[in-house]
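**Q** Before I ask anything, let me first share the structure, which is written out below as structure tokens.
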Amino acid sequence: MHTDKQVLVFIEMEADRIHPLAPESLEAGRQVAQGLHAELAAVIMGGAVSDAVRDVRHYGVERVYIVEHPLLETYHGEYFCQALSAACLTATPSVILMANTLTGLDLAPRLAWNLDAGLVTDCVAIEASDGEITFTKPIYSGNVMAVYAPVTMPMLITLRPRAFTPLSLSDAPQGEIVPVAVNLDQASVKTTVVERILEHGDGIRLETAERIVAGGRGIGKAEGFSLLKTMAETLGAAIGASRPPCDLGWVSAKAQVGQTGEIVAPGLYIAVGISGSTQHLAGMAGSKTIVAINKDPQANIFKVADYGVVGNYEDVIPVFTETLVEILT
Amino acid sequence: MHIIVCMKQVPDPEGPREAFEINQTSGLVEPRGIPPVLSLFDENALEMALRIKDVHPAGAMISVLSMGKRISNAVMLKALAAGADEIVKVEDEALDAGRLDSFATAHLLAAAIRKTPFDLIITGRQAADFNDGQVGIGLAHILDLPVITVAHAVTVQGRELRAERVLAHGYEVMCTPMPAVIMASNEVGELRYPSMIQRREAKQKPVHTWRLADIGLVTPPARRLARRRLFAPELRERRCRIFSGSIPADAGRNLALQLKEDRVI
């Protein structure tokens, strides 16, 4: 179709628009494209993609590949892998990038195995020098960083949320729209979605939260989380937790922040009754501002915090929240 | 029903930062003074297998497959005590986790898995050392099996498997015929705690050791990625400002006011 080198960013959709993390993926894609002297392209797949295409054309892309098909209406790993493989056949990208979301961590390895390509997951930095592009990711719970270079092309990358500054909007929309026709093979699909159970009113999601209020073992009981919820509502924050409250059933297992849960980097992280195990710190140390409330002055969490209160959270939080209400309204 | 759970031994992620020593010559991380443990994600996988066995006590047999340069039997005992029926170790000097990428790892595990009939393979979401999260899907690809990722619950009815797969706003129920691969999510929760009797009995359970040649390979498959270097991350200096007050409530108030003044909120 064309011979220019391309870097392809897979744009996840959310309610017919681009996913909130898409501008970060596009920024990472821009860095790779610059390093490889390649063009930046995006690919959007879904049942109907026109709104998302309009969104993405404001991010300075040269081309937007679109794959529209009724079977792509909601995410299904096998269909999405088929469709994205077809888009890659048309676009012949050198590097394919996507966000390390639940979708990304299912789709990227499927595509990597299908295209026989190398994949670096959870990438936090991209560097280009001497004509070589490298991708850095944390390993061993963030105690070591590893730098990878491609051996074969294409190469796949998934990006840790909040590791890249979102690409800013350009004034005029641009980018040629290239529809990719796919013939999805239903016969080869081995898994079926029987039903989807969606939770409503479950508050703000950790993945994209600007503020997170998290509780640990020090909360002591399930009811303790109600104090945290009031604080979170006042701040417009998501509720998180370290591992023990999840294992003990005080909060939903999905609230777990850490290497073994969700890795987050919000603007504000308030850790309450969390001692600060390595695996928890690996999941939140990238937060811009960290506040720790803990009754143990020796708790590890104070080593990574910017603000701290040594005290019993049940004494501290009600007044903290009251004061927040005063100053925020 | 034969369930194979893939479990990796990793240096304890809770070890202090200094313990993860980087050898620039070899390009490997050499853990100093920290014991190996079972990767937490793989403990989620074993717990999921045990829950299937709880429902089908007579019909389920759980084999734990572990691969590495050196595999501690003492560490594997934890899996046996929790309820696994046997351990299969693929242990060989050539199998240093630091020298294998996910591509090579999946091919090696697949070679070992092919040696016995099975119905279900369960892996963790990722390994706690390199966090790649690719091996489960790789196994499914190599063995031409269905795969369901981030599953937090599974049930087996006859030859059909039902798995609940975690979504950003809930979960979806997926069905697939067995044999299949499941990647367990951390939402499964922690591995059950064994009783004293289970611990004692675990020592009687079989531990098989295979070499690379036993799985029909001479050298590990080639890598798809080149690791250029390793480095220790720079730690952001944070100086924690501690708030106090004559009563704890004052500290809470002072903290809120300071956050406002510093434009954090």
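We label chains A, B, ... in the order they appear in the structure tokens, count residues from 1 in each chain, and number ligands from 1 in the order shown.
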For chain B, which residues have at least one atom within 6 Å of chain A, if we go by only C-alpha atoms? Write them as number ranges by chain, please.

**A** B: 14, 17, 129-130, 132, 134, 146, 169-176, 187, 189, 224-232, 238-243, 248-249, 252-253, 256

**Q** As a PyMOL selection string, please: the residues near Ile148 in chain B (cut-off 7 Å, only C-alpha atoms, same-chain neighbours under 6 positions excluded).

**A** chain B and resi 181-183

**Q** Restricted to C-alpha atoms, what would the selected residues look like written as an mmCIF file, in the first residue's frame?

**A**
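That gives us out-v9.cif:
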data_model
loop_
_atom_site.group_PDB
_atom_site.id
_atom_site.type_symbol
_atom_site.label_atom_id
_atom_site.label_comp_id
_atom_site.auth_asym_id
_atom_site.auth_seq_id
_atom_site.Cartn_x
_atom_site.Cartn_y
_atom_site.Cartn_z
ATOM 1 C CA VAL B 181 -5.660 -22.902 29.412
ATOM 2 C CA ILE B 182 -6.747 -20.513 32.154
ATOM 3 C CA MET B 183 -4.727 -17.535 33.363
#

**Q** What's the 7 Å shell around Val64 in chain B, counting only C-alpha atoms, without same-chain residues fewer than 4 positions away, as a list in words?

**A**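 Here the answer would be Ile4, Val5, Cys6, Met7, Ala84, Glu86, Ile87 and Val88 of chain B.
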
**Q** Could you turn the residues from that selection into a file that holds C-alpha atoms, as a PDB file, in the first residue's frame?

**A**
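Produced file out33.pdb, reproduced below:
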ATOM      1  CA  ILE B   4      -1.450 -28.849  35.454  1.00  0.00           C
ATOM      2  CA  VAL B   5      -0.573 -25.707  37.391  1.00  0.00           C
ATOM      3  CA  CYS B   6       2.559 -23.866  36.231  1.00  0.00           C
ATOM      4  CA  MET B   7       4.428 -22.412  39.198  1.00  0.00           C
ATOM      5  CA  ALA B  84      -1.292 -30.418  44.957  1.00  0.00           C
ATOM      6  CA  GLU B  86       2.659 -34.099  42.687  1.00  0.00           C
ATOM      7  CA  ILE B  87       5.495 -31.860  41.587  1.00  0.00           C
ATOM      8  CA  VAL B  88       7.210 -32.070  38.218  1.00  0.00           C
TER       9      VAL B  88
END

**Q** Give me the residues within 10 Å of Ala237 in chain A as a list in words, counting only C-alpha atoms and dropping any in the same chain fewer than 4 places off.

**A** Gly203, Ile204, Arg205, Leu206, Ala209, Glu210, Arg211, Ile212, Val213, Ala214, Leu228, Lys229, Thr230, Met231, Ala232, Glu233, Pro266, Leu268, Tyr269 and Ile270 of chain A

**Q** If you keep C-alpha atoms, can you produce a file of those selected residues as a PDB file, in the first residue's frame?

**A**
ATOM      1  CA  GLY A 203     -17.323   4.614  41.962  1.00  0.00           C
ATOM      2  CA  ILE A 204     -14.230   5.726  40.121  1.00  0.00           C
ATOM      3  CA  ARG A 205     -11.896   3.209  38.517  1.00  0.00           C
ATOM      4  CA  LEU A 206      -8.348   2.841  39.834  1.00  0.00           C
ATOM      5  CA  ALA A 209      -8.269   7.830  38.838  1.00  0.00           C
ATOM      6  CA  GLU A 210      -6.630  11.191  39.504  1.00  0.00           C
ATOM      7  CA  ARG A 211      -6.931  10.572  43.264  1.00  0.00           C
ATOM      8  CA  ILE A 212      -6.927   7.319  45.240  1.00  0.00           C
ATOM      9  CA  VAL A 213      -7.752   6.653  48.885  1.00  0.00           C
ATOM     10  CA  ALA A 214      -6.399   3.252  49.928  1.00  0.00           C
ATOM     11  CA  LEU A 228     -12.464   5.934  53.647  1.00  0.00           C
ATOM     12  CA  LYS A 229     -15.414   5.928  51.254  1.00  0.00           C
ATOM     13  CA  THR A 230     -16.755   9.196  52.659  1.00  0.00           C
ATOM     14  CA  MET A 231     -13.307  10.743  52.284  1.00  0.00           C
ATOM     15  CA  ALA A 232     -13.000   9.386  48.751  1.00  0.00           C
ATOM     16  CA  GLU A 233     -16.389  10.806  47.765  1.00  0.00           C
ATOM     17  CA  PRO A 266      -2.449   9.132  40.452  1.00  0.00           C
ATOM     18  CA  LEU A 268      -2.725  12.077  44.943  1.00  0.00           C
ATOM     19  CA  TYR A 269      -2.497   8.767  46.821  1.00  0.00           C
ATOM     20  CA  ILE A 270      -3.682   8.632  50.416  1.00  0.00           C
TER      21      ILE A 270
END

**Q** Find the residues near Lys78 in chain B: any atom within 10 Å, counting only C-alpha atoms, skip ones fewer than 5 places away on the same chain, and give them as an MDAnalysis selection string.

**A** chainID B and resid 37:38 43 73 83:84 191 193:194 198:199 202:203

**Q** How would the residues just chosen look if you wrote them out with N, CA and C atoms as a short mmCIF file (atom, residue, chain, number, x, y, z; two decimals), in the first residue's frame?

**A**
data_model
loop_
_atom_site.label_atom_id
_atom_site.label_comp_id
_atom_site.auth_asym_id
_atom_site.auth_seq_id
_atom_site.Cartn_x
_atom_site.Cartn_y
_atom_site.Cartn_z
N VAL B 37 10.78 -17.99 46.67
CA VAL B 37 9.39 -18.26 47.09
C VAL B 37 8.59 -18.62 45.84
N LEU B 38 7.40 -19.14 46.04
CA LEU B 38 6.51 -19.36 44.90
C LEU B 38 5.99 -18.01 44.45
N GLU B 43 0.51 -18.78 43.01
CA GLU B 43 -0.27 -19.27 44.16
C GLU B 43 -1.76 -19.05 43.90
N ASN B 73 13.15 -27.88 46.73
CA ASN B 73 12.07 -28.79 47.13
C ASN B 73 11.31 -28.26 48.33
N GLY B 83 -2.30 -28.87 48.80
CA GLY B 83 -3.23 -29.81 48.19
C GLY B 83 -2.85 -30.34 46.81
N ALA B 84 -1.73 -29.88 46.25
CA ALA B 84 -1.29 -30.42 44.96
C ALA B 84 -0.90 -31.88 45.16
N LEU B 191 -3.48 -18.27 48.47
CA LEU B 191 -3.45 -19.73 48.59
C LEU B 191 -3.83 -20.13 50.02
N TYR B 193 -4.18 -22.04 53.59
CA TYR B 193 -3.15 -22.35 54.57
C TYR B 193 -3.26 -23.83 54.95
N PRO B 194 -2.18 -24.61 54.83
CA PRO B 194 -2.29 -26.04 55.13
C PRO B 194 -2.29 -26.34 56.62
N GLN B 198 -1.54 -31.94 56.85
CA GLN B 198 -1.26 -31.78 55.42
C GLN B 198 0.22 -31.54 55.17
N ARG B 199 0.84 -30.75 56.05
CA ARG B 199 2.27 -30.49 55.92
C ARG B 199 3.09 -31.78 56.03
N ALA B 202 2.57 -33.99 53.02
CA ALA B 202 3.16 -33.43 51.79
C ALA B 202 4.52 -34.05 51.49
N LYS B 203 5.24 -34.39 52.55
CA LYS B 203 6.59 -34.93 52.38
C LYS B 203 6.57 -36.31 51.71
#

**Q** Extract the full set of alpha helix (DSSP H) residues from range 42-184 of chain A according to DSSP on the backbone, and format it as a ChimeraX atom specification.

**A** /A:50-56,77-91,102-115

**Q** Please write the residues from the selection above to a file, keeping C-alpha atoms, as a compact mmCIF listing (two decimals), in the first residue's frame.

**A**
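What follows is the written file result30.txt:
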# COMPACT_ATOMS: atom_id res chain seq x y z
CA SER A 50 -16.79 7.02 13.71
CA ASP A 51 -16.82 8.99 17.01
CA ALA A 52 -13.56 7.44 18.12
CA VAL A 53 -12.01 8.15 14.71
CA ARG A 54 -13.01 11.80 15.06
CA ASP A 55 -11.30 11.84 18.50
CA VAL A 56 -8.09 10.28 17.31
CA GLY A 77 -9.73 -11.73 22.47
CA GLU A 78 -9.92 -14.14 19.55
CA TYR A 79 -11.88 -11.83 17.22
CA PHE A 80 -9.81 -8.81 18.16
CA CYS A 81 -6.60 -10.74 17.53
CA GLN A 82 -7.84 -11.78 14.09
CA ALA A 83 -8.88 -8.22 13.25
CA LEU A 84 -5.70 -6.60 14.54
CA SER A 85 -3.58 -9.17 12.70
CA ALA A 86 -5.40 -8.19 9.50
CA ALA A 87 -4.76 -4.50 10.19
CA CYS A 88 -1.07 -5.28 10.75
CA LEU A 89 -0.94 -7.11 7.44
CA THR A 90 -2.17 -3.93 5.75
CA ALA A 91 -0.16 -1.45 7.79
CA LEU A 102 -7.19 -5.54 30.95
CA THR A 103 -7.79 -5.53 27.19
CA GLY A 104 -4.16 -4.79 26.36
CA LEU A 105 -2.82 -7.56 28.55
CA ASP A 106 -5.09 -10.07 26.78
CA LEU A 107 -4.71 -8.75 23.24
CA ALA A 108 -0.98 -7.97 23.10
CA PRO A 109 0.25 -11.49 23.92
CA ARG A 110 -2.31 -13.03 21.56
CA LEU A 111 -1.09 -10.80 18.76
CA ALA A 112 2.57 -11.38 19.64
CA TRP A 113 2.17 -15.14 19.38
CA ASN A 114 0.08 -14.84 16.24
CA LEU A 115 2.62 -12.59 14.50

**Q** Identify, on the basis of only C-alpha atoms, every residue whose closest approach to Thr165 in chain A does not exceed 12 Å; exclude the query and any residue fewer than 4 positions from it along the same chain; express the result as a PyMOL selection string.

**A** chain A and resi 21-31+124-125+159-161+265

**Q** Go ahead and dump the residues you just picked, N, CA and C atoms, as a compact mmCIF listing (two decimals), in the first residue's frame.

**A**
# COMPACT_ATOMS: atom_id res chain seq x y z
N LEU A 21 -6.88 6.47 28.34
CA LEU A 21 -5.43 6.31 28.29
C LEU A 21 -4.87 6.42 26.86
N ALA A 22 -5.75 6.56 25.86
CA ALA A 22 -5.30 6.59 24.46
C ALA A 22 -4.28 7.71 24.19
N PRO A 23 -4.49 8.94 24.71
CA PRO A 23 -3.50 9.99 24.44
C PRO A 23 -2.10 9.65 24.96
N GLU A 24 -2.02 8.87 26.02
CA GLU A 24 -0.70 8.44 26.51
C GLU A 24 -0.06 7.46 25.53
N SER A 25 -0.87 6.53 25.03
CA SER A 25 -0.34 5.55 24.07
C SER A 25 0.12 6.27 22.80
N LEU A 26 -0.63 7.31 22.40
CA LEU A 26 -0.27 8.06 21.21
C LEU A 26 1.04 8.83 21.43
N GLU A 27 1.24 9.33 22.64
CA GLU A 27 2.51 10.01 22.95
C GLU A 27 3.67 9.02 22.87
N ALA A 28 3.49 7.83 23.43
CA ALA A 28 4.54 6.81 23.35
C ALA A 28 4.79 6.45 21.88
N GLY A 29 3.71 6.34 21.11
CA GLY A 29 3.83 6.04 19.68
C GLY A 29 4.59 7.13 18.96
N ARG A 30 4.31 8.38 19.33
CA ARG A 30 5.01 9.52 18.71
C ARG A 30 6.51 9.42 18.99
N GLN A 31 6.88 9.06 20.22
CA GLN A 31 8.30 8.94 20.57
C GLN A 31 8.98 7.84 19.75
N VAL A 124 7.74 1.56 30.60
CA VAL A 124 7.61 2.87 31.25
C VAL A 124 8.46 3.95 30.59
N ALA A 125 9.39 3.56 29.70
CA ALA A 125 10.22 4.57 29.04
C ALA A 125 10.70 4.07 27.69
N LEU A 159 1.97 -0.36 27.44
CA LEU A 159 2.45 0.81 28.18
C LEU A 159 1.79 0.90 29.54
N ARG A 160 2.61 1.08 30.55
CA ARG A 160 2.05 1.23 31.90
C ARG A 160 1.25 2.53 31.97
N PRO A 161 0.02 2.47 32.46
CA PRO A 161 -0.78 3.69 32.59
C PRO A 161 -0.04 4.75 33.41
N ALA A 265 -0.66 5.37 39.36
CA ALA A 265 0.20 6.54 39.56
C ALA A 265 -0.66 7.81 39.51

**Q** If I take CA of Val147 in chain B and CA of Ala180 in chain B, how far is one from the other in Å, to one decimal?

**A** 6.0 Å

**Q** Calculate how many Å separate CA of Ala111 in chain B from CA of Val75 in chain B, rounding to one decimal.

**A**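 Between CA of Ala111 in chain B and CA of Val75 in chain B the gap works out to 23.6 Å.
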
**Q** Residues near range 9-12 of chain A, anyone? I mean within 6 Å using only C-alpha atoms, not counting same-chain ones fewer than 6 positions away, as an NGL selection string.

**A** :A and (19 or 22 or 42-44 or 96-98)

**Q** DSSP says strand (DSSP E) for which residues of range 79-246 of chain A? Put them as number ranges by chain?

**A** A: 95-99, 118-123, 125-129, 132-139, 144-150, 155-159, 176-179, 192-198, 211-215, 238-241

**Q** So how many Å separate CA of Gly258 in chain A and CA of Ser287 in chain A, to one decimal?

**A**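 Atom-to-atom, CA of Gly258 in chain A to CA of Ser287 in chain A, that is 12.1 Å.
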
**Q** Between A:Val182, A:Met45, A:Ile18, A:Val61, which has the minimum distance to Thr74 in chain A (counting only C-alpha atoms)?

**A**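 Using only C-alpha atoms, Thr74 in chain A sits closest to A:Met45.
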